[in-house]
Structure formats: C-alpha cells, structure tokens
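Chemist: What follows is target27.cif, mmCIF, C-alpha atoms.
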```cif
data_final
loop_
_atom_site.label_atom_id
_atom_site.label_comp_id
_atom_site.auth_asym_id
_atom_site.auth_seq_id
_atom_site.Cartn_x
_atom_site.Cartn_y
_atom_site.Cartn_z
CA MET A 1 7.13 -9.61 13.54
CA GLY A 2 10.54 -8.13 14.14
CA THR A 3 11.28 -5.85 17.04
CA PRO A 4 12.43 -2.33 16.19
CA GLN A 5 16.17 -2.07 16.83
CA SER A 6 16.77 1.40 15.41
CA ASP A 7 15.72 4.86 16.45
CA GLN A 8 16.59 6.40 13.08
CA ASN A 9 13.80 8.43 11.53
CA THR A 10 14.63 7.73 7.91
CA GLU A 11 16.66 5.00 6.27
CA GLY A 12 16.72 3.28 2.91
CA VAL A 13 14.96 -0.06 2.92
CA PRO A 14 17.01 -2.97 1.52
CA SER A 15 15.88 -4.15 -1.90
CA SER A 16 15.58 -7.70 -0.54
CA GLU A 17 12.62 -6.71 1.67
CA ILE A 18 8.89 -6.86 0.98
CA VAL A 19 6.57 -3.94 1.66
CA LEU A 20 2.81 -4.02 2.12
CA ARG A 21 0.32 -1.55 0.65
CA ARG A 22 -3.36 -1.15 1.51
CA ILE A 23 -5.69 -1.02 -1.48
CA TRP A 24 -9.26 0.24 -1.60
CA ASP A 25 -12.09 -2.08 -2.56
CA SER A 26 -12.69 0.12 -5.63
CA HIS A 27 -9.11 -0.55 -6.83
CA TYR A 28 -9.59 -4.31 -7.03
CA SER A 29 -11.82 -6.54 -9.17
CA SER A 30 -13.02 -9.57 -7.25
CA ALA A 31 -14.38 -11.08 -10.48
CA THR A 32 -11.01 -11.06 -12.26
CA ARG A 33 -8.84 -10.97 -9.10
CA SER A 34 -6.92 -8.04 -10.52
CA ILE A 35 -5.52 -4.89 -8.99
CA HIS A 36 -6.18 -1.56 -10.69
CA PRO A 37 -3.09 0.58 -11.38
CA LYS A 38 -4.74 3.39 -9.37
CA ALA A 39 -3.91 1.35 -6.26
CA PHE A 40 -0.32 2.55 -6.71
CA ALA A 41 -0.97 6.25 -7.27
CA ASN A 42 0.76 8.69 -4.97
CA ASP A 43 -1.23 9.78 -1.94
CA ALA A 44 -3.49 12.80 -2.51
CA ASP A 45 -1.87 14.70 0.36
CA GLU A 46 1.67 13.69 -0.72
CA PRO A 47 1.99 14.13 -4.50
CA ASP A 48 5.50 12.63 -4.67
CA ARG A 49 4.97 9.50 -2.55
CA HIS A 50 2.65 6.85 -1.20
CA SER A 51 2.70 4.87 2.02
CA VAL A 52 3.80 1.28 2.37
CA SER A 53 4.90 -0.75 5.38
CA ARG A 54 7.81 -3.15 5.87
CA GLU A 55 6.50 -6.69 6.18
CA ILE A 56 9.22 -7.58 8.69
CA TYR A 57 7.53 -5.19 11.16
CA THR A 58 3.86 -5.20 10.11
CA SER A 59 1.52 -8.04 9.17
CA ALA A 60 -1.08 -7.65 6.43
CA SER A 61 -3.91 -8.00 8.95
CA THR A 62 -2.40 -5.37 11.25
CA LEU A 63 -1.93 -2.95 8.37
CA GLN A 64 -5.52 -3.53 7.26
CA SER A 65 -6.78 -2.89 10.80
CA LEU A 66 -5.04 0.51 10.85
CA ALA A 67 -7.11 1.78 7.89
CA PRO A 68 -9.85 4.33 8.56
CA GLU A 69 -12.43 1.81 7.24
CA PRO A 70 -10.66 -1.57 7.50
CA GLU A 71 -13.60 -3.46 6.00
CA ARG A 72 -13.06 -1.61 2.69
CA PHE A 73 -9.37 -2.43 2.28
CA GLY A 74 -7.19 -5.27 1.14
CA VAL A 75 -3.41 -5.57 1.37
CA VAL A 76 -0.87 -6.39 -1.31
CA ALA A 77 2.85 -7.18 -1.08
CA VAL A 78 5.53 -5.79 -3.41
CA ALA A 79 9.29 -6.33 -3.33
CA VAL A 80 11.32 -3.21 -2.62
CA LEU A 81 13.42 -4.35 -5.60
CA ASP A 82 10.37 -3.78 -7.83
CA TYR A 83 10.07 -0.21 -6.57
CA ASN A 84 13.80 0.30 -7.15
CA GLU A 85 13.49 -1.06 -10.71
CA MET A 86 11.08 1.79 -11.41
CA ASP A 87 13.37 4.47 -9.91
CA GLN A 88 11.32 4.64 -6.73
CA VAL A 89 13.02 5.04 -3.36
CA VAL A 90 11.53 3.32 -0.31
CA GLU A 91 12.47 5.15 2.88
CA HIS A 92 11.67 3.92 6.36
CA ASP A 93 9.57 6.56 8.14
CA PRO A 94 8.15 5.04 11.34
CA ILE A 95 4.97 6.48 12.83
CA ASP A 96 3.46 5.85 16.27
CA GLU A 97 0.95 3.23 15.16
CA ASP A 98 3.22 1.52 12.59
CA PHE A 99 6.97 1.19 13.10
CA GLY A 100 7.20 -0.37 9.62
CA HIS A 101 5.72 2.68 7.86
CA CYS A 102 7.67 3.83 4.80
CA ASN A 103 7.37 6.32 1.98
CA ALA A 104 7.69 5.05 -1.59
CA ILE A 105 9.05 8.20 -3.18
CA GLY A 106 8.98 9.04 -6.87
CA SER A 107 6.65 9.98 -9.68
CA LYS A 108 4.02 7.29 -10.22
CA THR A 109 3.58 7.45 -13.97
CA SER A 110 1.23 5.06 -15.74
CA ARG A 111 4.22 2.84 -16.52
CA VAL A 112 5.28 2.72 -12.84
CA LYS A 113 1.75 1.99 -11.57
CA GLU A 114 1.28 -0.77 -14.15
CA TYR A 115 4.63 -2.36 -13.27
CA LEU A 116 3.87 -2.34 -9.54
CA ARG A 117 0.37 -3.71 -10.19
CA LYS A 118 1.78 -6.63 -12.19
CA HIS A 119 4.34 -7.46 -9.50
CA ALA A 120 2.04 -7.13 -6.49
CA ILE A 121 0.87 -10.23 -4.63
CA VAL A 122 -2.49 -10.07 -2.87
CA ARG A 123 -2.15 -10.91 0.82
CA ILE A 124 -5.74 -9.92 1.74
CA ALA A 125 -8.24 -9.40 -1.05
CA PRO A 126 -10.52 -6.40 -0.62
CA PRO A 127 -14.23 -7.12 -0.57
CA PRO A 128 -16.35 -6.15 -3.57
CA PRO A 129 -16.94 -2.37 -3.60
CA ARG A 130 -19.92 -1.16 -1.65
CA GLN A 131 -22.99 -0.43 -3.67
CA PRO A 132 -24.97 2.61 -2.62
CA GLY A 133 -28.18 1.60 -0.91
CA PRO A 134 -31.62 2.71 -2.11
CA VAL A 135 -32.56 6.23 -1.18
CA GLN A 136 -35.37 6.23 1.32
CA PRO A 137 -38.09 8.84 0.73
CA PRO A 138 -38.60 11.26 3.61
CA VAL A 139 -41.31 10.27 6.04
#
```
What do you get writing this file as structure tokens?

Modeler:
Amino acid sequence: MGTPQSDQNTEGVPSSEIVLRRIWDSHYSSATRSIHPKAFANDADEPDRHSVSREIYTSASTLQSLAPEPERFGVVAVAVLDYNEMDQVVEHDPIDEDFGHCNAIGSKTSRVKEYLRKHAIVRIAPPPPRQPGPVQPPV
C-alpha cells in the first residue's frame, strides 16, 4: 500500500487508478457470480454520491474489515475511468480509518449502475445472503 504524501482534503482521482467498493451479500449472486446494479446506488445518507476507496492506499481485505458487519460484505474493483465515462467524479476524501476513502459523485441512474456493474471485478466475493433462522416459540 502507498504511503499518504498529501494533506489535501479533496482532490480529483486520476482516471488511471482503480477504486474499491464494498458490496452487501444481498447485492451479489453466488450462484451466477453476478453483481446486482443496486451495489452501485448512491449511499442512503448521501443521495448524490457513494463511497469507494483508492486501491493504491487500501487493500480489499482492509476495506472489507472496516465494514460494520465485515462477514456480510465483498469488495469489487472499478477503474476510475469507468466512473468518468458515466459522468461521475471521483474525489479523494480521506477519513481517519481509511486514507484512500473517496466519494463517487453523480446521479446513479439505472444506466450508470448497470455500466459500473458490468465493469466491476470481484476482489472478494460476498458470502451467500443470510437466511433468517427459525423463530423459536417463547418458553
């Protein structure tokens, strides 16, 4: 992993770089090894962006470990160029636990999500989604 050399808060990420995105187990089919377009929707708390991380600073396993429930996530890689092709801007926005953190800014229409899905490469496949366990009757 690279060592941070800049103290800038926000900068454009070169189109030659790769970014990583965590995807939920429910946004991946283990049977068909396919990513659901929902994996590229904007974050619920940020309607104009979703989080990614620069691969030069963050490994897939490290990014997975930072998830609230790491065992439910996988990680995919997408070229910044692919985001740019869809009029998305990837801005470096480091946070304490992840210097590589970025915002992929722009409207994630169905066309954008499908494009990113098709160009994503799975680095760590999510496990099959959890099935709810049987409800135990009260004792």

Chemist: Is there a way to get, as a ChimeraX atom specification, all residues within 12 Å of the point (-5.2, -9.4, -2.1) in file coordinates, counting only C-alpha atoms?

Modeler: /A:20-25,27-30,32-36,39,60-61,64,73-78,117,120-128

Chemist: Give the centre and edge lengths of an axis-aligned box, in Å to one decimal, that holds all listed atoms of region 58-69 of chain A with 8 Å on each side, as AutoDock Vina command-line options.

Modeler:
```
--center_x -4.3 --center_y -1.9 --center_z 8.8 --size_x 32.3 --size_y 28.4 --size_z 20.8
```

Chemist: Can you tell me, as number ranges by chain, what residues are no more than 10 Å from region 82-93 of chain A when counting all atoms listed in the file, ignoring any on the same chain fewer than 2 positions away?

Modeler: A: 8-16, 18-19, 49-54, 78-80, 95, 98-109, 111-113, 115-116, 119-120

Chemist: In Å to one decimal, how far is CA of Lys118 (chain A) from CA of Ser59 (chain A)?

Modeler: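 That distance, rounded to one decimal, is 21.4 Å.
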
Chemist: What does the distance between CA of Ser26 (chain A) and CA of Asp48 (chain A) come to in Å, to one decimal place?

Modeler: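 These two atoms are separated by 22.1 Å.
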
Chemist: For CA of Arg72 (chain A) and CA of Glu17 (chain A), determine how far apart the two atoms are, in Å to one decimal place.

Modeler: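 Separation of CA of Arg72 (chain A) and CA of Glu17 (chain A): 26.2 Å.
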